[in-house]
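Participant: Pasting model.cif below, which is mmCIF, C-alpha atoms.
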```
data_data
#
loop_
_atom_site.label_atom_id
_atom_site.label_comp_id
_atom_site.auth_asym_id
_atom_site.auth_seq_id
_atom_site.Cartn_x
_atom_site.Cartn_y
_atom_site.Cartn_z
CA MET D 23 -80.01 -110.63 -85.67
CA THR D 24 -77.79 -113.39 -86.73
CA PRO D 25 -74.07 -112.93 -86.92
CA PRO D 26 -72.72 -113.03 -90.42
CA ALA D 27 -71.53 -116.46 -91.32
CA GLU D 28 -67.76 -116.74 -91.28
CA GLU D 29 -66.17 -117.47 -94.53
CA PRO D 30 -64.42 -120.78 -94.55
CA THR D 31 -60.72 -119.90 -94.81
CA LYS D 32 -58.05 -122.10 -96.18
CA ARG D 33 -55.10 -121.95 -93.82
CA ARG D 34 -53.14 -124.86 -95.00
CA SER D 35 -49.97 -123.49 -96.45
CA LEU D 36 -46.78 -122.80 -94.52
CA TRP D 37 -47.40 -119.15 -95.15
CA HIS D 38 -50.71 -119.28 -93.37
CA ALA D 39 -49.29 -121.39 -90.56
CA ILE D 40 -47.34 -118.45 -89.23
CA GLY D 41 -50.29 -116.15 -89.53
CA GLY D 42 -50.09 -115.15 -93.12
CA GLY D 43 -50.16 -111.47 -93.69
CA ASN D 44 -51.16 -110.68 -90.13
CA PHE D 45 -48.06 -111.96 -88.39
CA PRO D 46 -46.13 -110.09 -87.19
CA LEU D 47 -46.13 -107.46 -89.95
CA ARG D 48 -47.59 -107.23 -93.36
CA PRO D 49 -45.98 -109.41 -96.01
CA PRO D 50 -43.24 -109.90 -96.83
CA TRP D 51 -41.88 -108.48 -93.54
CA GLY D 52 -43.42 -111.19 -91.39
CA TRP D 53 -41.06 -113.72 -92.89
CA LEU D 54 -38.08 -111.47 -92.66
CA VAL D 55 -38.63 -110.57 -89.00
CA LEU D 56 -39.18 -114.16 -88.06
CA VAL D 57 -36.11 -115.41 -89.87
CA LEU D 58 -33.96 -112.60 -88.43
CA ALA D 59 -35.21 -113.32 -84.93
CA ILE D 60 -34.36 -117.00 -85.25
CA LEU D 61 -30.95 -116.30 -86.74
CA GLY D 62 -30.26 -113.74 -84.04
CA THR D 63 -31.20 -116.13 -81.26
CA ILE D 64 -29.05 -118.86 -82.72
CA SER D 65 -26.02 -116.67 -83.28
CA VAL D 66 -26.20 -115.01 -79.86
CA SER D 67 -26.49 -118.41 -78.23
CA ILE D 68 -23.58 -119.81 -80.20
CA ILE D 69 -21.40 -116.80 -79.46
CA SER D 70 -22.15 -116.84 -75.75
CA VAL D 71 -21.63 -120.57 -75.41
CA SER D 72 -18.48 -120.66 -77.48
CA SER D 73 -16.99 -117.69 -75.67
CA TYR D 74 -17.59 -119.54 -72.43
CA VAL D 75 -15.93 -122.65 -73.78
CA SER D 76 -12.91 -120.87 -75.18
CA PRO D 77 -12.46 -117.24 -74.17
CA SER D 78 -10.26 -116.38 -77.13
CA PHE D 79 -11.78 -113.47 -78.93
CA SER D 80 -10.71 -112.29 -82.29
CA ILE D 81 -9.52 -108.97 -80.88
CA CYS D 82 -6.51 -110.87 -79.63
CA LEU D 83 -5.38 -110.88 -83.22
CA THR D 84 -4.78 -107.18 -82.86
CA CYS D 85 -1.63 -107.93 -80.96
CA HIS D 86 -1.05 -111.55 -81.74
CA GLY D 87 -1.74 -111.48 -85.42
CA ALA D 88 -2.05 -109.15 -88.36
CA GLY D 89 -2.43 -105.95 -86.40
CA GLU D 90 0.96 -106.26 -84.83
CA ALA D 91 2.66 -104.20 -87.45
CA ALA D 92 0.30 -101.30 -86.88
CA TYR D 93 1.11 -101.07 -83.20
CA LYS D 94 4.71 -101.39 -82.19
CA LEU D 95 4.88 -103.82 -79.33
CA GLU D 96 8.00 -104.22 -77.30
CA PRO D 97 7.36 -106.81 -74.66
CA LYS D 98 10.55 -107.13 -72.63
CA VAL D 99 11.57 -110.47 -71.21
CA PHE D 100 14.24 -111.00 -68.58
CA ALA D 101 14.88 -114.50 -69.74
CA ALA D 102 17.66 -116.94 -69.17
CA GLU D 103 15.99 -119.25 -71.68
CA LYS D 104 15.26 -118.44 -75.29
CA GLN D 105 11.94 -120.22 -75.28
CA CYS D 106 8.95 -120.07 -73.01
CA VAL D 107 7.31 -123.28 -71.81
CA GLU D 108 5.79 -123.69 -75.25
CA SER D 109 6.55 -122.14 -78.64
CA ARG D 110 6.26 -118.40 -79.08
CA GLU D 111 3.28 -118.72 -81.43
CA TYR D 112 1.45 -120.99 -79.02
CA MET D 113 2.11 -118.72 -76.06
CA ARG D 114 0.98 -115.64 -77.94
CA ALA D 115 -2.30 -117.15 -78.94
CA LYS D 116 -3.02 -119.43 -76.04
CA HIS D 117 -1.26 -118.21 -72.88
CA MET D 118 -4.57 -117.43 -71.22
CA ASP D 119 -5.81 -120.94 -71.86
CA LEU D 120 -2.55 -122.40 -70.59
CA LEU D 121 -2.77 -120.36 -67.39
CA GLN D 122 -6.34 -121.49 -66.89
CA VAL D 123 -5.32 -125.13 -67.31
CA TRP D 124 -2.44 -124.63 -64.87
CA LYS D 125 -4.71 -123.07 -62.27
CA GLU D 126 -7.29 -125.83 -62.54
CA SER D 127 -4.59 -128.48 -62.45
CA VAL D 128 -2.90 -127.14 -59.31
CA VAL D 129 -5.98 -126.10 -57.38
CA ARG D 130 -8.39 -128.85 -58.37
CA GLU D 131 -6.14 -131.83 -59.01
CA GLY D 132 -3.04 -131.07 -57.00
CA LYS D 133 -0.82 -131.70 -60.04
CA ARG D 134 1.95 -129.14 -59.90
CA MET D 135 4.31 -130.17 -62.69
CA TYR D 136 3.70 -129.35 -66.35
CA VAL D 137 5.23 -131.48 -69.05
CA ALA D 138 5.80 -129.30 -72.09
CA THR D 139 5.62 -130.46 -75.69
CA ASP D 140 9.40 -130.78 -75.81
CA GLY D 141 9.35 -133.00 -72.72
CA LYS D 142 10.72 -130.42 -70.29
CA GLU D 143 9.05 -130.19 -66.90
CA TYR D 144 7.98 -126.94 -65.32
CA GLU D 145 6.35 -126.12 -62.02
CA MET D 146 2.88 -124.74 -62.69
CA SER D 147 3.40 -121.51 -60.79
CA LEU D 148 2.81 -118.01 -62.03
CA ILE D 149 5.27 -116.55 -59.54
CA ARG D 150 7.99 -119.16 -59.61
CA THR D 151 7.88 -120.06 -63.29
CA CYS D 152 6.29 -117.32 -65.44
CA MET D 153 7.51 -114.33 -63.48
CA GLU D 154 11.08 -115.60 -63.44
CA CYS D 155 11.37 -114.29 -66.99
CA HIS D 156 8.30 -112.07 -67.37
CA ARG D 157 9.31 -110.00 -64.41
CA ASN D 158 7.70 -106.72 -65.19
CA LYS D 159 4.03 -106.16 -65.87
CA ALA D 160 4.53 -102.72 -67.42
CA GLU D 161 7.29 -103.83 -69.74
CA PHE D 162 5.82 -107.16 -70.72
CA CYS D 163 2.13 -107.80 -70.08
CA ASP D 164 0.94 -104.24 -70.53
CA GLN D 165 2.66 -103.86 -73.87
CA CYS D 166 -0.20 -105.73 -75.48
CA HIS D 167 -2.82 -105.63 -72.80
CA SER D 168 -3.00 -101.91 -72.26
CA TYR D 169 -3.28 -101.41 -76.01
CA VAL D 170 -6.13 -103.87 -76.25
CA ARG D 171 -7.68 -102.49 -73.12
CA THR D 172 -7.77 -98.87 -74.14
CA LYS D 173 -8.87 -99.64 -77.63
CA TYR D 174 -11.44 -102.36 -77.12
CA VAL D 175 -12.19 -103.49 -73.61
CA LYS D 176 -12.11 -101.96 -70.19
CA ALA D 177 -11.12 -105.08 -68.31
CA GLU D 178 -8.03 -104.69 -66.17
CA LEU D 179 -5.28 -107.26 -66.25
CA ASP D 180 -5.32 -108.17 -62.59
CA CYS D 181 -3.11 -111.26 -62.27
CA TRP D 182 -0.40 -109.28 -60.51
CA ASP D 183 -2.77 -107.93 -57.87
CA CYS D 184 -2.62 -111.26 -56.10
CA HIS D 185 0.28 -113.10 -57.69
CA SER D 186 3.07 -110.79 -56.72
CA PRO D 187 6.50 -112.07 -55.78
CA ARG D 188 7.41 -111.11 -52.26
CA GLU D 189 11.05 -110.49 -53.17
CA LYS D 190 12.63 -108.43 -55.94
CA GLY D 191 10.30 -105.53 -55.15
CA LEU D 192 8.13 -106.40 -58.10
CA GLY D 193 4.47 -106.54 -58.84
CA ASN D 194 3.39 -104.18 -56.11
CA GLY D 195 0.43 -102.72 -57.90
CA SER D 196 2.24 -99.97 -59.75
CA GLN D 197 4.06 -102.41 -61.98
CA MET W 25 -48.26 -130.89 -96.87
CA GLU W 26 -50.38 -129.64 -94.05
CA VAL W 27 -48.55 -127.74 -91.35
CA SER W 28 -50.48 -126.12 -88.54
CA LYS W 29 -49.20 -122.95 -86.90
CA ARG W 30 -48.66 -124.88 -83.69
CA ARG W 31 -46.71 -127.60 -85.40
CA PHE W 32 -44.60 -125.09 -87.28
CA LEU W 33 -43.64 -123.25 -84.11
CA LYS W 34 -42.84 -126.56 -82.45
CA LEU W 35 -40.56 -127.46 -85.32
CA ILE W 36 -38.79 -124.13 -85.06
CA GLY W 37 -38.30 -124.62 -81.33
CA LEU W 38 -36.87 -128.08 -81.89
CA THR W 39 -34.55 -126.78 -84.59
CA VAL W 40 -33.19 -124.08 -82.30
CA LEU W 41 -32.69 -126.63 -79.53
CA GLY W 42 -30.97 -128.97 -81.95
CA VAL W 43 -28.57 -126.30 -83.13
CA LEU W 44 -27.80 -125.30 -79.54
CA ALA W 45 -27.43 -128.84 -78.26
CA ARG W 46 -23.96 -129.48 -79.61
CA PRO W 47 -22.06 -126.53 -78.12
CA VAL W 48 -23.96 -126.83 -74.82
CA PHE W 49 -23.25 -130.52 -74.45
CA GLY W 50 -19.70 -129.91 -75.58
CA ALA W 51 -19.22 -127.36 -72.81
CA LEU W 52 -20.84 -129.61 -70.22
CA SER W 53 -18.76 -132.61 -71.17
CA ARG W 54 -15.62 -130.50 -70.96
CA LEU W 55 -16.56 -129.41 -67.46
CA LYS W 56 -17.23 -133.00 -66.53
CA ALA W 57 -13.90 -134.11 -67.94
CA ALA W 58 -12.15 -131.42 -65.94
CA ARG W 59 -13.88 -132.46 -62.73
CA ALA W 60 -13.54 -136.18 -63.21
CA SER W 61 -9.81 -136.07 -63.93
CA PRO W 62 -7.71 -138.62 -62.11
CA ALA W 63 -7.12 -136.41 -59.11
CA GLY W 64 -7.71 -139.25 -56.72
CA ALA W 65 -4.30 -140.72 -57.37
CA TYR W 66 -2.61 -137.64 -55.95
CA PHE W 67 -4.51 -137.60 -52.69
CA ALA W 68 -5.30 -141.28 -52.33
CA GLY W 69 -5.32 -142.87 -48.92
CA LYS W 70 -4.86 -139.65 -46.99
CA ARG W 71 -7.26 -137.85 -44.69
CA TRP W 72 -5.63 -134.91 -43.02
CA GLY W 73 -6.60 -133.88 -39.50
CA MET W 74 -5.26 -131.89 -36.59
CA VAL W 75 -5.16 -132.24 -32.84
CA VAL W 76 -4.94 -129.19 -30.57
CA ASN W 77 -3.65 -130.18 -27.17
CA LEU W 78 -4.96 -127.50 -24.82
CA LYS W 79 -3.04 -129.11 -21.94
CA SER W 80 0.23 -127.91 -23.44
CA CYS W 81 -1.00 -124.84 -25.34
CA THR W 82 0.13 -121.64 -23.66
CA GLY W 83 -1.94 -119.33 -25.84
CA CYS W 84 1.20 -117.59 -27.16
CA ALA W 85 -0.38 -117.16 -30.62
CA ALA W 86 2.87 -118.06 -32.40
CA CYS W 87 0.72 -120.25 -34.65
CA VAL W 88 -1.37 -117.23 -35.60
CA ASP W 89 1.66 -115.15 -36.55
CA ALA W 90 3.24 -118.00 -38.50
CA CYS W 91 0.06 -118.71 -40.43
CA HIS W 92 -0.75 -115.10 -41.18
CA SER W 93 2.72 -114.27 -42.44
CA ALA W 94 2.83 -117.45 -44.52
CA HIS W 95 -0.43 -116.57 -46.23
CA ALA W 96 -0.19 -112.77 -46.41
CA VAL W 97 -3.18 -112.30 -44.12
CA PRO W 98 -3.73 -108.59 -43.50
CA SER W 99 -4.53 -107.07 -40.13
CA PHE W 100 -6.82 -104.07 -40.40
CA GLY W 101 -7.15 -103.46 -36.67
CA ASN W 102 -10.91 -103.36 -37.05
CA PRO W 103 -12.84 -106.42 -35.87
CA LYS W 104 -15.58 -105.79 -38.43
CA GLU W 105 -13.14 -106.25 -41.30
CA GLU W 106 -10.97 -108.80 -39.58
CA ILE W 107 -9.50 -111.57 -41.69
CA LYS W 108 -8.40 -114.65 -39.79
CA TRP W 109 -7.23 -118.10 -40.71
CA ILE W 110 -6.33 -119.24 -37.21
CA TRP W 111 -7.08 -117.24 -34.07
CA THR W 112 -7.67 -117.71 -30.37
CA ILE W 113 -10.92 -117.39 -28.45
CA PRO W 114 -11.75 -118.22 -24.81
CA TYR W 115 -12.47 -121.89 -24.13
CA GLU W 116 -16.11 -121.15 -23.21
CA GLU W 117 -16.70 -119.61 -26.62
CA ALA W 118 -14.99 -122.42 -28.47
CA PHE W 119 -17.04 -125.04 -26.62
CA PRO W 120 -20.23 -123.29 -25.49
CA GLU W 121 -22.03 -126.59 -25.02
CA GLN W 122 -19.28 -127.82 -22.66
CA ASN W 123 -19.44 -124.71 -20.52
CA HIS W 124 -21.08 -124.55 -17.10
CA GLU W 125 -20.65 -122.47 -13.99
CA LEU W 126 -18.44 -125.04 -12.22
CA ILE W 127 -16.02 -125.60 -15.09
CA LYS W 128 -12.38 -126.32 -14.22
CA LYS W 129 -10.52 -123.16 -13.28
CA GLU W 130 -7.70 -123.82 -15.78
CA LEU W 131 -10.17 -123.98 -18.63
CA ARG W 132 -11.98 -120.78 -17.76
CA GLY W 133 -11.00 -118.15 -20.34
CA LEU W 134 -8.23 -120.38 -21.71
CA PRO W 135 -7.16 -119.01 -25.11
CA THR W 136 -8.09 -121.76 -27.53
CA PRO W 137 -6.68 -121.78 -31.06
CA VAL W 138 -9.50 -122.20 -33.55
CA LEU W 139 -9.35 -122.54 -37.31
CA CYS W 140 -11.23 -124.03 -40.22
CA ASN W 141 -12.19 -127.54 -39.15
CA HIS W 142 -11.93 -128.97 -42.67
CA CYS W 143 -15.18 -130.76 -42.01
CA ASP W 144 -15.88 -134.12 -43.56
CA ASN W 145 -19.33 -132.73 -44.29
CA PRO W 146 -18.52 -129.10 -45.06
CA PRO W 147 -21.57 -126.80 -45.12
CA CYS W 148 -19.54 -124.06 -46.82
CA ALA W 149 -18.89 -126.31 -49.82
CA GLN W 150 -22.54 -127.32 -49.97
CA VAL W 151 -23.83 -123.78 -50.21
CA CYS W 152 -21.21 -122.33 -52.54
CA PRO W 153 -23.21 -121.50 -55.69
CA VAL W 154 -20.18 -121.46 -57.99
CA GLY W 155 -18.21 -124.48 -56.79
CA ALA W 156 -15.41 -122.30 -55.45
CA ILE W 157 -15.21 -124.36 -52.25
CA TRP W 158 -15.06 -128.13 -52.33
CA LYS W 159 -13.72 -131.05 -50.35
CA ARG W 160 -10.69 -132.70 -51.85
CA GLU W 161 -10.23 -136.47 -51.74
CA ASP W 162 -7.77 -136.16 -48.88
CA GLY W 163 -10.27 -134.25 -46.77
CA LEU W 164 -8.91 -130.75 -47.32
CA VAL W 165 -11.60 -128.17 -47.88
CA MET W 166 -10.18 -126.27 -50.82
CA GLN W 167 -11.04 -122.89 -52.26
CA ASP W 168 -10.57 -121.37 -55.69
CA TYR W 169 -10.19 -117.60 -55.28
CA HIS W 170 -10.54 -117.12 -59.02
CA ARG W 171 -13.98 -118.60 -58.97
CA CYS W 172 -15.25 -116.98 -55.75
CA ILE W 173 -17.89 -114.35 -56.44
CA GLY W 174 -17.96 -113.05 -52.87
CA CYS W 175 -21.59 -113.90 -52.14
CA ARG W 176 -20.62 -114.91 -48.56
CA TYR W 177 -23.04 -117.82 -48.35
CA CYS W 178 -20.15 -119.86 -46.94
CA MET W 179 -19.70 -117.35 -44.14
CA VAL W 180 -23.32 -117.79 -43.19
CA ALA W 181 -23.13 -121.56 -43.49
CA CYS W 182 -19.94 -122.09 -41.46
CA PRO W 183 -20.89 -122.64 -37.82
CA TYR W 184 -17.32 -121.89 -36.73
CA GLY W 185 -16.97 -118.43 -38.26
CA ALA W 186 -13.88 -119.65 -40.07
CA VAL W 187 -14.50 -117.77 -43.31
CA SER W 188 -13.54 -114.11 -43.68
CA PHE W 189 -14.46 -111.66 -46.38
CA ASN W 190 -12.13 -109.14 -48.00
CA TRP W 191 -13.90 -105.83 -47.66
CA ARG W 192 -10.98 -103.71 -48.82
CA ASP W 193 -7.61 -103.90 -50.50
CA PRO W 194 -5.40 -105.87 -48.13
CA ARG W 195 -2.08 -104.74 -49.63
CA PRO W 196 -1.23 -101.87 -47.28
CA PHE W 197 -2.18 -103.98 -44.26
CA ILE W 198 -0.09 -107.05 -44.93
CA GLY W 199 2.75 -107.29 -42.45
CA LYS W 200 5.55 -109.74 -42.86
CA ARG W 201 5.34 -112.15 -45.78
CA ASN W 202 7.48 -115.21 -45.67
CA SER W 203 6.15 -117.01 -48.71
CA ASP W 204 4.93 -116.25 -52.22
CA PHE W 205 1.40 -117.33 -51.38
CA PRO W 206 -0.94 -115.16 -53.49
CA ILE W 207 -2.58 -112.14 -51.92
CA ARG W 208 -6.35 -111.83 -52.18
CA LYS W 209 -8.50 -109.04 -53.59
CA PRO W 210 -11.53 -107.24 -52.21
CA GLY W 211 -14.66 -109.26 -52.95
CA VAL W 212 -13.48 -112.78 -52.21
CA VAL W 213 -13.61 -114.85 -49.06
CA GLU W 214 -10.70 -116.70 -47.55
CA ARG W 215 -10.02 -119.27 -44.88
CA CYS W 216 -7.46 -121.73 -43.59
CA ASN W 217 -6.34 -124.15 -46.31
CA PHE W 218 -4.50 -126.53 -43.97
CA CYS W 219 -1.35 -125.30 -45.74
CA GLU W 220 -2.18 -127.19 -48.89
CA GLU W 221 0.81 -125.55 -50.60
CA ARG W 222 3.14 -126.84 -47.88
CA LEU W 223 1.63 -130.33 -47.80
CA ALA W 224 2.45 -130.55 -51.50
CA LYS W 225 6.11 -130.16 -50.53
CA ASP W 226 5.84 -132.69 -47.69
CA LEU W 227 5.99 -129.93 -45.10
CA ARG W 228 3.72 -129.68 -42.08
CA PRO W 229 1.37 -126.70 -41.79
CA ALA W 230 2.99 -123.43 -40.73
CA CYS W 231 1.06 -123.25 -37.43
CA VAL W 232 2.12 -126.77 -36.45
CA GLU W 233 5.74 -126.00 -37.26
CA ALA W 234 5.63 -122.74 -35.29
CA CYS W 235 4.23 -124.26 -32.09
CA LYS W 236 7.07 -124.53 -29.58
CA GLU W 237 4.98 -126.51 -27.09
CA LYS W 238 4.10 -129.11 -29.72
CA ALA W 239 0.46 -128.51 -28.84
CA LEU W 240 -0.57 -128.76 -32.48
CA VAL W 241 -0.32 -132.19 -34.05
CA PHE W 242 -1.03 -132.74 -37.73
CA GLY W 243 -1.22 -135.90 -39.74
CA ASP W 244 -3.11 -138.55 -41.62
CA LEU W 245 -6.21 -139.77 -39.79
CA GLU W 246 -6.31 -142.90 -41.96
CA ASP W 247 -2.85 -144.00 -40.83
CA ALA W 248 -3.20 -145.80 -37.50
CA GLY W 249 0.47 -145.23 -36.72
CA SER W 250 0.47 -141.48 -37.36
CA GLU W 251 1.12 -139.00 -34.57
CA VAL W 252 -2.45 -137.65 -34.68
CA ARG W 253 -3.92 -141.11 -34.34
CA ARG W 254 -1.57 -142.02 -31.48
CA THR W 255 -2.42 -138.76 -29.71
CA LEU W 256 -6.14 -139.37 -30.17
CA ASP W 257 -5.74 -142.96 -28.95
CA SER W 258 -4.16 -141.88 -25.69
CA HIS W 259 -6.38 -138.88 -24.85
CA TYR W 260 -10.05 -138.07 -24.62
CA SER W 261 -10.81 -135.55 -27.37
CA LEU W 262 -13.51 -133.05 -28.23
CA ARG W 263 -14.61 -131.53 -31.50
CA ARG W 264 -16.34 -128.19 -31.90
CA LYS W 265 -20.12 -128.37 -32.34
CA PRO W 266 -20.19 -132.02 -33.41
CA GLU W 267 -23.97 -132.04 -32.91
CA LEU W 268 -24.35 -130.10 -36.15
CA GLY W 269 -23.15 -133.10 -38.15
CA THR W 270 -20.34 -131.28 -39.92
CA LYS W 271 -17.81 -133.93 -38.81
CA PRO W 272 -14.95 -131.55 -38.05
CA LYS W 273 -11.40 -132.88 -38.35
CA VAL W 274 -9.77 -130.63 -35.75
CA TYR W 275 -9.73 -132.38 -32.38
CA TYR W 276 -9.18 -130.78 -28.99
CA ILE W 277 -7.63 -132.36 -25.92
CA VAL W 278 -8.63 -130.63 -22.68
#
```
Could you take the file, read its structure, and then write that structure out as structure tokens?
Facilitator:
Amino acid sequence: MTPPAEEPTKRRSLWHAIGGGNFPLRPPWGWLVLVLAILGTISVSIISVSSYVSPSFSICLTCHGAGEAAYKLEPKVFAAEKQCVESREYMRAKHMDLLQVWKESVVREGKRMYVATDGKEYEMSLIRTCMECHRNKAEFCDQCHSYVRTKYVKAELDCWDCHSPREKGLGNGSQ
Amino acid sequence: MEVSKRRFLKLIGLTVLGVLARPVFGALSRLKAARASPAGAYFAGKRWGMVVNLKSCTGCAACVDACHSAHAVPSFGNPKEEIKWIWTIPYEEAFPEQNHELIKKELRGLPTPVLCNHCDNPPCAQVCPVGAIWKREDGLVMQDYHRCIGCRYCMVACPYGAVSFNWRDPRPFIGKRNSDFPIRKPGVVERCNFCEERLAKDLRPACVEACKEKALVFGDLEDAGSEVRRTLDSHYSLRRKPELGTKPKVYYIV
């Protein structure tokens, strides 16, 4: 018995290069699945890398942007100054980035003074600079953060666990 | 155009890599920029070290109290969970290789203050998988609590047992606090930082300041006129476990 001679097949087109109708499903789904898989890989990679580079997610807009009207936020500040180290808009959107830069600067580089956009100098210290005005976690930080937390994420805002002023009876866990 | 299946898949792979390359390299170059910032200028020319003069040390542990209240170090009362930045151990345990049965009577069981040696070749920094411990240009072995993942490799690597792990919430166990130094959380390690926060204000470390006998001497090892260098010039000094090649920067005078 001789095996039947194979028919010479023409697999020269792009369509055949990915397996034609056999890969991975019957046409036209093979194309669709492949394209979706590639797009998915690319988008997941981009999202994960970009979120590592800049951890500002769009949910922040809930408090810091359009959603503000829907949820009445009353962050209380015990401030001697009208303005924070930078403008209100900048602080709202970027305070987490600023704090990250401050931490890296103090811990890694030993630079402890921050020169603001308006030329004023501030000590890069959460306790001695930020908490001078933002004295109460419940009345300031939690106003936005607990809203975002309950609604979207379960991450706790834990800055105050370690950075708690020793005086003024503040920041001892409950606040 | 002829495109083989193999070639097509290769092309797709290359395309994906190409698309990913930009953000990945962007992130890497940012990290590099952050690391390579001109930190050297701030620490240039300094190399901090300490001398412990056991001839004048009385073992009063005032240094321990001063350090632990300056850094909010908790005391759990349980040696298994103990957190210590500076503590005292008998001389024979601090210098096991110097011990023998005919050792000087005064040295036998002498409480010896021990702390992080801020090694020039720190094994803790080498093993840290996340870069949370590193040696600064001025010789201080620094730690970033934010970055620590609590894997405790550094505790295994340190031959001096100078790194402690936070097993539980330290808050209820913190005694007196006399500074705003941040508290730690369960899941991170901690160790002596040579009072980096005080050095930044031109203050000496808390333990050195607290020692009434002036048995602790701190200063710049690069400066030939500094008190540490003068003390080392005039006395024979020991370091703990120098044979391991860690190059510790805490010197002992016996």
Participant: CA of Pro183 (chain W) and CA of Pro147 (chain W), how far apart in Å?
Facilitator: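 One can read the CA of Pro147 (chain W) to CA of Pro183 (chain W) distance as 8.4 Å.
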Participant: Rounded to one decimal, what separation in Å do you get between CA of Arg134 (chain D) and CA of Leu148 (chain D)?
Facilitator: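 If I compute the distance from CA of Arg134 (chain D) to CA of Leu148 (chain D), I get 11.4 Å.
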Participant: May I have the residues of chain W within 8 Å of chain D, counting all atoms listed in the file, written as a PyMOL selection string?
Facilitator: chain W and resi 25-30+32-33+40+43-44+47-48+51+59+61-64+66-67+160+166-168+201-209+224
Participant: Once the PyMOL selection byres ((chain W and resi 104-115) around 10) has been evaluated on this model, what residues remain selected, and can you format them as number ranges by chain?
Facilitator: W: 78, 83-85, 87-92, 95, 97-103, 116-120, 122-123, 130-140, 185-192, 194, 213-218, 231, 278
Participant: Any chance you could work out the residue set of the PyMOL selection byres ((chain D and resi 154-164) around 8) here, as number ranges by chain?
Facilitator: D: 96-102, 149-153, 165-169, 182, 192-193, 197
Participant: As an exercise, work out the distance from CA of Gly155 (chain W) to CA of Cys172 (chain W) in Å and give it to one decimal place.
Facilitator: 8.1 Å
Participant: Counting only C-alpha atoms, what is within 6 Å of Thr270 (chain W), bar same-chain residues fewer than 3 positions away, as an mmCIF file with C-alpha atoms, in the coordinates of the input?
Facilitator:
```
data_model
loop_
_atom_site.group_PDB
_atom_site.id
_atom_site.type_symbol
_atom_site.label_atom_id
_atom_site.label_comp_id
_atom_site.auth_asym_id
_atom_site.auth_seq_id
_atom_site.Cartn_x
_atom_site.Cartn_y
_atom_site.Cartn_z
ATOM 1 C CA CYS W 143 -15.180 -130.760 -42.010
ATOM 2 C CA ASN W 145 -19.330 -132.730 -44.290
ATOM 3 C CA PRO W 146 -18.520 -129.100 -45.060
#
```
Participant: Could you tell me which residues the PyMOL selection byres ((chain W and resi 223) around 12) returns for this structure, as a list of chain:residue names?
Facilitator: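 Evaluating the PyMOL selection byres ((chain W and resi 223) around 12) on these coordinates yields D:Gly132, W:Tyr66, W:Phe67, W:Lys70, W:Trp72, W:Asp162, W:Leu164, W:Asn217, W:Phe218, W:Cys219, W:Glu220, W:Glu221, W:Arg222, W:Ala224, W:Lys225, W:Asp226, W:Leu227, W:Arg228, W:Pro229, W:Ala230, W:Val232, W:Phe242, W:Gly243, W:Asp244.
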Participant: Starting from the incomplete input, reconstruct N, CA and C atoms of region 82-93 of chain W and report them as a PDB file, keeping the file's coordinate frame.
Facilitator:
```
ATOM      1  N   THR W  82      -0.025-122.760 -24.595  1.00  0.00           N
ATOM      2  CA  THR W  82       0.130-121.640 -23.660  1.00  0.00           C
ATOM      3  C   THR W  82      -0.629-120.403 -24.138  1.00  0.00           C
ATOM      4  N   GLY W  83      -1.210-120.482 -25.310  1.00  0.00           N
ATOM      5  CA  GLY W  83      -1.940-119.330 -25.840  1.00  0.00           C
ATOM      6  C   GLY W  83      -1.014-118.231 -26.325  1.00  0.00           C
ATOM      7  N   CYS W  84       0.207-118.606 -26.755  1.00  0.00           N
ATOM      8  CA  CYS W  84       1.200-117.590 -27.160  1.00  0.00           C
ATOM      9  C   CYS W  84       0.874-116.997 -28.532  1.00  0.00           C
ATOM     10  N   ALA W  85       0.034-117.636 -29.287  1.00  0.00           N
ATOM     11  CA  ALA W  85      -0.380-117.160 -30.620  1.00  0.00           C
ATOM     12  C   ALA W  85       0.760-117.142 -31.629  1.00  0.00           C
ATOM     13  N   ALA W  86       1.804-117.934 -31.391  1.00  0.00           N
ATOM     14  CA  ALA W  86       2.870-118.060 -32.400  1.00  0.00           C
ATOM     15  C   ALA W  86       2.312-118.702 -33.663  1.00  0.00           C
ATOM     16  N   CYS W  87       1.341-119.596 -33.488  1.00  0.00           N
ATOM     17  CA  CYS W  87       0.720-120.250 -34.650  1.00  0.00           C
ATOM     18  C   CYS W  87       0.012-119.225 -35.520  1.00  0.00           C
ATOM     19  N   VAL W  88      -0.632-118.251 -34.858  1.00  0.00           N
ATOM     20  CA  VAL W  88      -1.370-117.230 -35.600  1.00  0.00           C
ATOM     21  C   VAL W  88      -0.413-116.407 -36.451  1.00  0.00           C
ATOM     22  N   ASP W  89       0.689-115.965 -35.815  1.00  0.00           N
ATOM     23  CA  ASP W  89       1.660-115.150 -36.550  1.00  0.00           C
ATOM     24  C   ASP W  89       2.248-115.930 -37.721  1.00  0.00           C
ATOM     25  N   ALA W  90       2.610-117.197 -37.444  1.00  0.00           N
ATOM     26  CA  ALA W  90       3.240-118.000 -38.500  1.00  0.00           C
ATOM     27  C   ALA W  90       2.297-118.170 -39.672  1.00  0.00           C
ATOM     28  N   CYS W  91       1.045-118.487 -39.368  1.00  0.00           N
ATOM     29  CA  CYS W  91       0.060-118.710 -40.430  1.00  0.00           C
ATOM     30  C   CYS W  91      -0.165-117.424 -41.214  1.00  0.00           C
ATOM     31  N   HIS W  92      -0.368-116.330 -40.506  1.00  0.00           N
ATOM     32  CA  HIS W  92      -0.750-115.100 -41.180  1.00  0.00           C
ATOM     33  C   HIS W  92       0.386-114.496 -41.991  1.00  0.00           C
ATOM     34  N   SER W  93       1.641-114.762 -41.585  1.00  0.00           N
ATOM     35  CA  SER W  93       2.720-114.270 -42.440  1.00  0.00           C
ATOM     36  C   SER W  93       2.991-115.230 -43.598  1.00  0.00           C
TER      37      SER W  93
END
```
